[in-house]
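Peer 1: If you scroll down you'll find the structure; I have some questions about it.
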Amino acid sequence: MNPFNGRVAVITGGAGGIGFGMAEAFAARGAKIALADLDEPGMAARAETLRGRGVEVLCVRTDVTDRKSVDALADAVWSRFGAAHLVCNNAGIAIAGPLLQMTPDDWRLTMDIDFWGVVHGTYAFVPRMIEQKQGGHLLNTASMAGLVGMSWLGTYCAAKFAVVGFTESLRRELEPHGIGVSVLCPMIVATDITANSLRMRGQEVPKSETPAQPPSAAMKGGVIAVEDVTKRVVAAIENKDFYILTHPEQREFLRRRAARLEEACP
Ligand SMILES: NC(=O)c1ccc[n+]([C@@H]2O[C@H](COP(=O)([O-])OP(=O)(O)OC[C@H]3O[C@@H](n4cnc5c(N)ncnc54)[C@H](O)[C@@H]3O)[C@@H](O)[C@H]2O)c1
């Protein structure tokens with residue numbers, strides 16, 4: 001079965017960046033789209049772009065940190081489209097800085113959005129997807145920071161490692177229900193995540209910093225375009241691949257981590 005044509009895709013963090021890139025890629029393959037984000041004007045503008053291409057789009061202001069808000073999103077999706085098939089828990093922020101300088105608020109915000117947002121999306125959608133018996137696919141956005149610990153990205157790494165662990169477990173449990181599961185683990189992608197994350201914390205965006213800056217120089221690797229990520233995402237959903245990696249540089253970092261673990265075995 002074509003995983004996109006005539007299917008309903010829900011994307012949190014869909015007002016821009018990787019989320020909107022996924023919306024465009026799924027819509028181009030015939031999917032109906034539900035965008036969910038805190039950024040209402042951003043979502044409305046993006047929805048108009050899609051509607052101009054003849055795509056059916058629903059926008060729902062959603063705060064992924066709030067389970068009730070994500071449940072209301074699911075209600076809105078079922079009431080508009082009668083189903084959901086492709087759910088992308090993608091909303092996220094990145095707070096960079098030395099771990100010992102991270103405040104309890106930094107920790108809470110990161111975990112609330114990057115980890116609990118994924119959990120809320122899963123609990124709001126997956127039981128209904130199982131019940132509707134039409135298969136489908138769940139994609140949780142983690143990061144390379146969810147596979148390898150990095151200095152200056154400690155809170156982000158903790159949240160994204162949690163997303164990877166949660167999603168690895170979920171994959172095993174959803175297999176019997178015919179629901180595919182993937183975890184997206186990119187390195188640096190050209191989006192406005194740094195500026196958006198500063199704004200989210202009520203901080204000024206430094207003028208010297210271009211909005212497309214990566215979360216931190218701590219993550220060493222090339223910067224790729226959103227379209228490069230979405231090509232990988234589409235292929236992974238078609239092939240039912242679990243890990244979605246995006247940069248060739250990842251191989252060496254992952255190999256070294258695996259070697260360190262292997263060496264530690266008694
Ligand atoms: N850009 C990168 O280099 C990179 C690398 C690895 C992983 N990621 C992950 O990709 C995902 C998308 O990030 P992006 O780079 O496209 O950034 P982005 O800032 O362009 O998109 C994130 C979106 O999430 C939304 N959002 C934030 N908090 C929210 C909340 N509480 N409820 C609903 N929506 C909320 C924002 O408004 C924004 O539209 C994130 O999970 C991020 O951690 C990004």
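Going by the structure tokens order, chains are called A, B, ..., each with residues numbered from 1, while ligands are numbered from 1 in the order shown.
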Quick one: residues within 8 Å of ligand 1, with only C-alpha atoms and all ligand atoms, as a PyMOL selection string?
Peer 2: chain A and resi 12-20+36-39+42-43+61-66+89-94+112-114+117+141-145+156+160+184-197+200+214-215+223+226
Peer 1: Please extract the residues of stretch 64-148 of chain A with a backbone DSSP assignment of strand (DSSP E) and present them as number ranges by chain.
Peer 2: A: 86-89, 136-141
Peer 1: Keeping N, CA and C atoms for every residue in the selection just given, could you write it to a file as a PDB file, in the first residue's frame?
Peer 2:
ATOM      1  N   LEU A  86      -0.212   8.687   9.437  1.00  0.00           N
ATOM      2  CA  LEU A  86       1.222   8.959   9.514  1.00  0.00           C
ATOM      3  C   LEU A  86       1.389  10.060  10.555  1.00  0.00           C
ATOM      4  N   VAL A  87       1.944   9.725  11.699  1.00  0.00           N
ATOM      5  CA  VAL A  87       2.047  10.710  12.785  1.00  0.00           C
ATOM      6  C   VAL A  87       3.519  11.008  13.051  1.00  0.00           C
ATOM      7  N   CYS A  88       3.881  12.274  12.939  1.00  0.00           N
ATOM      8  CA  CYS A  88       5.271  12.681  13.147  1.00  0.00           C
ATOM      9  C   CYS A  88       5.351  13.566  14.386  1.00  0.00           C
ATOM     10  N   ASN A  89       5.920  13.012  15.448  1.00  0.00           N
ATOM     11  CA  ASN A  89       6.155  13.782  16.670  1.00  0.00           C
ATOM     12  C   ASN A  89       7.496  14.479  16.507  1.00  0.00           C
ATOM     13  N   GLY A 136      -0.338   2.109   9.252  1.00  0.00           N
ATOM     14  CA  GLY A 136       0.154   3.467   9.429  1.00  0.00           C
ATOM     15  C   GLY A 136       1.602   3.485   9.875  1.00  0.00           C
ATOM     16  N   HIS A 137       2.056   4.673  10.215  1.00  0.00           N
ATOM     17  CA  HIS A 137       3.471   4.836  10.551  1.00  0.00           C
ATOM     18  C   HIS A 137       3.624   5.959  11.584  1.00  0.00           C
ATOM     19  N   LEU A 138       4.474   5.713  12.563  1.00  0.00           N
ATOM     20  CA  LEU A 138       4.784   6.716  13.582  1.00  0.00           C
ATOM     21  C   LEU A 138       6.246   7.098  13.427  1.00  0.00           C
ATOM     22  N   LEU A 139       6.502   8.391  13.321  1.00  0.00           N
ATOM     23  CA  LEU A 139       7.895   8.856  13.222  1.00  0.00           C
ATOM     24  C   LEU A 139       8.172   9.823  14.366  1.00  0.00           C
ATOM     25  N   ASN A 140       9.171   9.499  15.179  1.00  0.00           N
ATOM     26  CA  ASN A 140       9.561  10.402  16.252  1.00  0.00           C
ATOM     27  C   ASN A 140      10.891  11.056  15.886  1.00  0.00           C
ATOM     28  N   THR A 141      10.927  12.381  16.002  1.00  0.00           N
ATOM     29  CA  THR A 141      12.180  13.076  15.663  1.00  0.00           C
ATOM     30  C   THR A 141      13.067  13.137  16.900  1.00  0.00           C
TER      31      THR A 141
END
Peer 1: Of the candidates A:Ala159, A:Ser169, A:Val118, A:Gly178, which shows the shortest atom-to-atom distance to A:Glu131, using only C-alpha atoms?
Peer 2: A:Gly178
Peer 1: Nearest to A:Ser69: which of A:Ala124, A:Ala34, A:Ala45, A:Ile179 is it, counting only C-alpha atoms?
Peer 2: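 Ranked by minimum distance to A:Ser69, first place goes to A:Ala124.
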Peer 1: Name all residues at most 9 Å from A:Ala72 (count only C-alpha atoms; drop same-chain ones fewer than 4 positions away) and give them as a list in words.
Peer 2: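 Everything that qualifies: Val60, Thr62, Arg67, Lys68, Ala76, Val77 and Ala124 of chain A.
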Peer 1: Could you check the closest approach to A:Asn239 for each of A:Arg171, A:Leu109, A:Gly52, A:Val181 and tell me which residue wins, using only C-alpha atoms?
Peer 2: A:Val181
Peer 1: Separation of atom CA of A:Thr167 and atom CA of A:Thr122, in Å?
Peer 2: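 It comes out at 9.6 Å.
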Peer 1: Rounded to one decimal, what separation in Å do you get between atom CA of A:Gly154 and atom CA of A:Arg255?
Peer 2: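 These two atoms are separated by 20.7 Å.
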Peer 1: Taking into account only C-alpha atoms, which residue in the set A:Leu35, A:Val8, A:Cys59, A:Leu254 is nearest to A:Gly82?
Peer 2: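 That would be A:Val8, the residue with the smallest distance to A:Gly82.
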Peer 1: Between atom CA of A:Ala74 and atom CA of A:Thr230, measure the distance and give it in Å to one decimal.
Peer 2: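 Taking atom CA of A:Ala74 and atom CA of A:Thr230, their separation equals 23.5 Å.
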